[in-house]
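Data from upload_17.txt: compact mmCIF, C-alpha atoms
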# COMPACT_ATOMS: atom_id res chain seq x y z
CA MET A 1 -24.07 -29.43 82.05
CA SER A 2 -21.99 -27.51 79.57
CA THR A 3 -18.38 -26.68 80.29
CA ASN A 4 -16.24 -23.70 79.43
CA LYS A 5 -15.75 -23.56 75.67
CA SER A 6 -12.61 -22.23 74.06
CA HIS A 7 -13.18 -18.80 72.56
CA SER A 8 -10.89 -16.33 70.85
CA ASP A 9 -11.63 -12.72 70.02
CA ASN A 10 -12.19 -12.19 66.31
CA GLY A 11 -11.64 -8.46 66.59
CA ASN A 12 -15.27 -7.37 66.87
CA GLY A 13 -16.73 -9.65 69.53
CA ARG A 14 -18.60 -8.44 72.59
CA ALA A 15 -18.94 -10.02 76.01
CA ALA A 16 -22.00 -9.92 78.25
CA VAL A 17 -20.83 -10.95 81.73
CA PHE A 18 -23.48 -11.86 84.31
CA ASP A 19 -23.51 -12.27 88.04
CA VAL A 20 -25.85 -15.15 88.95
CA ASP A 21 -27.24 -14.91 92.52
CA GLY A 22 -29.90 -12.21 92.65
CA THR A 23 -29.28 -11.28 89.01
CA LEU A 24 -30.41 -14.38 87.11
CA VAL A 25 -31.69 -16.59 89.96
CA ASP A 26 -33.92 -15.49 92.86
CA THR A 27 -31.62 -16.47 95.72
CA ASN A 28 -30.63 -13.40 97.74
CA HIS A 29 -33.27 -13.72 100.43
CA LEU A 30 -32.62 -17.46 100.75
CA HIS A 31 -28.98 -16.54 101.35
CA VAL A 32 -30.02 -14.01 104.00
CA VAL A 33 -32.10 -16.57 105.91
CA THR A 34 -29.49 -19.34 105.73
CA TRP A 35 -26.62 -17.03 106.68
CA TRP A 36 -28.74 -15.70 109.58
CA GLU A 37 -29.27 -19.25 110.81
CA ALA A 38 -25.57 -20.15 110.37
CA PHE A 39 -24.59 -17.12 112.46
CA ARG A 40 -27.24 -17.97 115.06
CA GLN A 41 -25.94 -21.52 115.39
CA ALA A 42 -22.48 -20.06 116.05
CA GLY A 43 -23.88 -17.79 118.76
CA HIS A 44 -24.10 -14.54 116.79
CA ARG A 45 -27.20 -12.42 116.30
CA VAL A 46 -26.59 -10.63 113.02
CA PRO A 47 -29.45 -8.44 111.74
CA THR A 48 -30.94 -9.67 108.49
CA HIS A 49 -30.66 -6.23 106.87
CA ALA A 50 -26.90 -6.29 107.46
CA ILE A 51 -26.65 -9.76 105.92
CA HIS A 52 -28.67 -8.61 102.92
CA ARG A 53 -26.22 -5.75 102.28
CA ALA A 54 -23.32 -8.25 102.42
CA VAL A 55 -24.79 -10.84 100.02
CA GLY A 56 -22.64 -10.93 96.91
CA LEU A 57 -19.38 -11.13 98.81
CA GLY A 58 -17.55 -14.46 98.90
CA SER A 59 -18.17 -16.50 102.06
CA GLU A 60 -14.94 -15.59 103.85
CA ASP A 61 -15.32 -11.91 103.01
CA LEU A 62 -18.97 -11.90 104.05
CA VAL A 63 -18.16 -13.30 107.50
CA ALA A 64 -15.29 -10.85 107.91
CA HIS A 65 -17.49 -7.96 106.80
CA LEU A 66 -20.16 -8.81 109.37
CA LEU A 67 -18.11 -10.08 112.32
CA GLY A 68 -14.69 -8.52 111.81
CA ALA A 69 -11.51 -10.07 110.47
CA ASP A 70 -10.29 -11.53 113.77
CA ARG A 71 -13.49 -13.37 114.57
CA ALA A 72 -13.84 -14.48 110.95
CA GLU A 73 -10.38 -16.02 111.10
CA ASP A 74 -11.40 -18.07 114.14
CA GLU A 75 -14.95 -18.99 113.17
CA GLY A 76 -15.35 -18.18 109.48
CA ALA A 77 -14.79 -21.68 108.12
CA ASP A 78 -17.37 -23.25 110.43
CA ILE A 79 -19.98 -20.55 109.81
CA SER A 80 -19.44 -20.77 106.04
CA ALA A 81 -19.77 -24.56 106.15
CA ALA A 82 -23.02 -24.26 108.13
CA HIS A 83 -24.40 -21.78 105.58
CA LYS A 84 -23.41 -24.07 102.72
CA THR A 85 -25.24 -27.00 104.32
CA LEU A 86 -28.35 -24.96 105.10
CA TYR A 87 -28.48 -23.38 101.66
CA ALA A 88 -28.02 -26.73 99.89
CA GLN A 89 -31.40 -27.81 101.28
CA HIS A 90 -32.99 -25.31 98.86
CA PHE A 91 -31.18 -26.33 95.66
CA GLU A 92 -34.19 -28.05 94.14
CA LEU A 93 -36.40 -25.03 94.84
CA LEU A 94 -34.20 -22.41 93.13
CA ALA A 95 -36.04 -20.44 90.46
CA ALA A 96 -34.75 -18.17 87.72
CA LEU A 97 -35.81 -14.55 87.82
CA PRO A 98 -38.30 -13.47 85.11
CA GLY A 99 -36.77 -13.48 81.65
CA ALA A 100 -33.33 -14.74 82.71
CA GLY A 101 -32.97 -17.59 80.22
CA ARG A 102 -34.63 -15.62 77.41
CA LEU A 103 -32.25 -12.69 77.99
CA LEU A 104 -29.15 -14.88 77.75
CA ARG A 105 -30.41 -16.60 74.59
CA ARG A 106 -31.30 -13.29 72.97
CA LEU A 107 -27.85 -11.86 73.66
CA ALA A 108 -26.15 -15.01 72.36
CA ALA A 109 -28.29 -14.83 69.21
CA ASP A 110 -27.29 -11.17 68.81
CA GLY A 111 -23.62 -12.17 68.80
CA TRP A 112 -22.68 -11.50 72.41
CA THR A 113 -20.40 -13.98 74.16
CA VAL A 114 -22.30 -14.74 77.40
CA VAL A 115 -20.17 -15.51 80.44
CA LEU A 116 -21.09 -15.99 84.09
CA ALA A 117 -19.02 -14.54 86.95
CA THR A 118 -20.14 -15.99 90.27
CA SER A 119 -18.92 -16.75 93.78
CA ALA A 120 -20.78 -20.08 93.58
CA SER A 121 -19.08 -23.35 92.71
CA GLY A 122 -19.66 -27.10 92.71
CA GLY A 123 -23.17 -28.34 93.43
CA GLU A 124 -24.44 -24.82 94.11
CA LEU A 125 -23.33 -23.61 90.69
CA SER A 126 -24.89 -26.67 89.06
CA ALA A 127 -28.20 -25.93 90.79
CA LEU A 128 -28.10 -22.30 89.68
CA ARG A 129 -27.42 -23.26 86.07
CA ARG A 130 -30.27 -25.79 86.16
CA ALA A 131 -32.58 -23.01 87.35
CA ILE A 132 -31.50 -20.66 84.55
CA ASP A 133 -31.85 -23.47 81.98
CA ALA A 134 -29.88 -21.66 79.27
CA ASP A 135 -26.61 -23.58 79.06
CA ASP A 136 -26.82 -23.43 75.27
CA ALA A 137 -26.33 -19.65 75.47
CA ILE A 138 -23.49 -19.66 78.04
CA THR A 139 -19.95 -19.82 76.68
CA ALA A 140 -18.08 -20.02 79.99
CA THR A 141 -18.30 -19.56 83.75
CA ALA A 142 -15.80 -17.94 86.09
CA SER A 143 -16.60 -19.51 89.46
CA ALA A 144 -15.17 -19.24 92.96
CA ASP A 145 -12.76 -22.04 92.02
CA ASP A 146 -11.17 -19.89 89.32
CA VAL A 147 -10.17 -16.83 91.36
CA THR A 148 -8.25 -15.96 94.51
CA GLU A 149 -10.27 -12.82 95.32
CA GLY A 150 -14.03 -12.43 95.05
CA LYS A 151 -16.06 -9.30 94.33
CA PRO A 152 -15.66 -6.37 94.84
CA ALA A 153 -12.16 -7.21 93.57
CA PRO A 154 -12.12 -7.12 89.75
CA GLU A 155 -10.69 -10.64 89.42
CA PRO A 156 -14.00 -12.50 88.82
CA VAL A 157 -14.91 -10.15 85.97
CA GLU A 158 -11.38 -10.18 84.58
CA LYS A 159 -11.40 -14.00 84.62
CA ALA A 160 -14.74 -14.02 82.79
CA LEU A 161 -13.31 -11.71 80.11
CA GLU A 162 -10.24 -13.94 79.82
CA LEU A 163 -12.49 -16.96 79.25
CA ALA A 164 -14.49 -15.02 76.68
CA GLY A 165 -11.39 -13.75 74.91
CA ILE A 166 -12.88 -10.24 74.85
CA PRO A 167 -11.23 -7.01 76.12
CA ALA A 168 -12.87 -4.91 78.83
CA GLU A 169 -13.74 -2.07 76.47
CA ARG A 170 -16.08 -4.39 74.54
CA ALA A 171 -17.80 -5.89 77.57
CA VAL A 172 -20.78 -5.18 79.81
CA PHE A 173 -21.25 -6.62 83.30
CA VAL A 174 -24.74 -7.15 84.72
CA GLY A 175 -25.21 -7.57 88.48
CA ASP A 176 -27.49 -6.76 91.39
CA THR A 177 -25.21 -5.62 94.24
CA VAL A 178 -22.82 -2.79 94.96
CA TRP A 179 -20.08 -5.45 95.08
CA ASP A 180 -20.90 -6.37 91.47
CA MET A 181 -20.82 -2.75 90.30
CA ARG A 182 -17.51 -2.10 92.05
CA ALA A 183 -15.96 -5.26 90.61
CA GLY A 184 -17.09 -4.39 87.10
CA SER A 185 -15.94 -0.79 87.38
CA ARG A 186 -12.53 -1.86 88.64
CA ALA A 187 -12.27 -4.30 85.73
CA GLY A 188 -12.93 -1.43 83.32
CA VAL A 189 -16.25 -2.65 81.92
CA ARG A 190 -19.59 -0.87 81.59
CA CYS A 191 -21.97 -1.91 84.35
CA VAL A 192 -25.71 -2.54 84.38
CA GLY A 193 -27.55 -2.94 87.68
CA LEU A 194 -30.72 -4.93 88.36
CA LEU A 195 -33.08 -4.18 91.24
CA CYS A 196 -34.27 -7.78 91.71
CA GLY A 197 -31.58 -8.46 94.33
CA GLY A 198 -33.14 -5.85 96.62
CA ILE A 199 -30.48 -3.10 96.47
CA PRO A 200 -31.80 0.42 95.76
CA ARG A 201 -31.16 2.14 92.43
CA ASP A 202 -29.15 5.01 93.93
CA GLU A 203 -26.72 2.64 95.65
CA LEU A 204 -26.15 0.70 92.43
CA GLU A 205 -25.59 3.92 90.48
CA GLU A 206 -23.22 5.29 93.10
CA ALA A 207 -21.21 2.05 92.90
CA GLY A 208 -20.84 2.33 89.13
CA ALA A 209 -24.05 1.27 87.37
CA GLU A 210 -24.46 3.11 84.06
CA ALA A 211 -28.07 1.93 83.76
CA VAL A 212 -30.50 0.17 86.12
CA PHE A 213 -33.43 -2.12 85.27
CA ALA A 214 -35.97 -4.00 87.37
CA ASP A 215 -35.00 -7.57 86.43
CA PRO A 216 -33.81 -9.65 83.45
CA ALA A 217 -37.22 -9.37 81.75
CA HIS A 218 -37.14 -5.58 82.01
CA LEU A 219 -33.59 -5.50 80.63
CA LEU A 220 -34.63 -7.80 77.77
CA ALA A 221 -37.55 -5.52 76.90
CA SER A 222 -35.26 -2.49 77.12
CA LEU A 223 -32.23 -3.83 75.21
CA PRO A 224 -32.33 -1.13 72.49
CA ARG A 225 -32.03 1.53 75.22
CA SER A 226 -29.36 -0.27 77.25
CA PRO A 227 -25.58 -0.64 77.16
CA LEU A 228 -26.31 -4.08 75.65
CA ALA A 229 -27.89 -2.55 72.52

Once more with this new file: its structure as structure tokens, please.
Amino acid sequence: MSTNKSHSDNGNGRAAVFDVDGTLVDTNHLHVVTWWEAFRQAGHRVPTHAIHRAVGLGSEDLVAHLLGADRAEDEGADISAAHKTLYAQHFELLAALPGAGRLLRRLAADGWTVVLATSASGGELSALRRAIDADDAITATASADDVTEGKPAPEPVEKALELAGIPAERAVFVGDTVWDMRAGSRAGVRCVGLLCGGIPRDELEEAGAEAVFADPAHLLASLPRSPLA
């Protein structure tokens, strides 16, 4: 497992910042099912479509978004812990989305500094990086442990840019949810949306996506026509 590498801007560097869940690894529907079960165990029937729309938020924010702040304050920690336990049962089954590793390696070879910005941490982040299998292309990772506010706050993207040593005007953020697009837009970076997380194109565009592609493989094939050209 590679760790964050020191990096300083040489004046003409570029940063490609990536969300992980639903963008590089096919996890969103696993999250929906395991959150649904965690809510059920706590006595809440939360529709799966509502959970799907909330995936991409940090755990505390997701519970608050779906149950309300008051109930989340009382029950959020237990529900989040249940989800973490349920989801961990799938770590060995996690699979990268088509072209994910090849996309990161191509960008690194083209001179982009590749950084991850994710709400995952610890064993979950390790499992995701194993699935991507492109640590040689990844310069740094801004995880949940590195920020106080998750997406849609800009802090995860801003932390990734800090680790890369690249200013926002020379960065592109790739994600799959409206929370990603809002975080990137608020951080002042150009945003690319991917449809592989299950969110419709128009919602990604409305939230700030400058361009939208099907999945990492489609983005890789379309690089000359993308903000990552």

Residue nearest Ala16 (chain A) - candidates A:Ala88, A:Leu66, A:Val192, A:Ala187, atoms counted: only C-alpha atoms: A:Val192

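Among the candidates A:Leu228, A:Ala164, A:Ile132, A:Val55, the one nearest to Arg190 (chain A) when counting all atoms listed in the file is A:Leu228.
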
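Here CA of Leu219 (chain A) is placed at a distance of 12.7 Å from CA of Phe173 (chain A).
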
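Distances from A:Arg129, A:Ala142, A:Val114, A:Asp180 to Lys159 (chain A) were compared using only C-alpha atoms, and the smallest one belongs to A:Ala142.
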
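The residue that comes closest to Val32 (chain A), out of A:Leu161, A:Gly197, A:Ala214, A:Leu116 and on the basis of only C-alpha atoms, is A:Gly197.
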
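The neighbours of Ser226 (chain A) here are the residues that come within 10 Å of it, using all atoms listed in the file and leaving out any residue fewer than 5 positions away in the same chain; they are A:Val192, A:Glu210, A:Ala211, A:Val212, A:Phe213, A:Leu219, A:Leu220, A:Ala221.
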
Nearest candidate to Ile79 (chain A) (options A:Glu92, A:Ala38, A:Leu57, A:Leu62; using all atoms listed in the file): A:Ala38

Shell of 12 Å around Gly193 (chain A), only C-alpha atoms, local chain residues under 5 positions omitted, as number ranges by chain: A: 18-19, 22-24, 172-182, 184-185, 198-216, 218-219, 226-227

Once 6 Å is added on each side, what centre and edge lengths in Å to one decimal does the axis-aligned box around all listed atoms of region 71-87 of chain A have, as AutoDock Vina command-line options?
--center_x -19.4 --center_y -20.2 --center_z 108.1 --size_x 30.1 --size_y 25.6 --size_z 24.9

All residues 10 Å or closer to His65 (chain A), all atoms listed in the file, same chain fewer than 6 positions away omitted, as a PyMOL selection string: chain A and resi 50-51+54+57+59+72

Expected answer as a ChimeraX atom specification: all residues with atoms within 9 Å of (-31.8, -11.8, 76.8), only C-alpha atoms: /A:99-109,216-217,219-221,223

For Ser80 (chain A), the nearest of the candidates A:Ala95, A:Val20, A:Gly68, A:Phe39, counting only C-alpha atoms: A:Phe39

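In this model, the gap between CA of Ser143 (chain A) and CA of Leu97 (chain A) comes to 19.9 Å.
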
Between CA of Arg71 (chain A) and CA of Asp21 (chain A) - distance in Å to one decimal: 26.0 Å
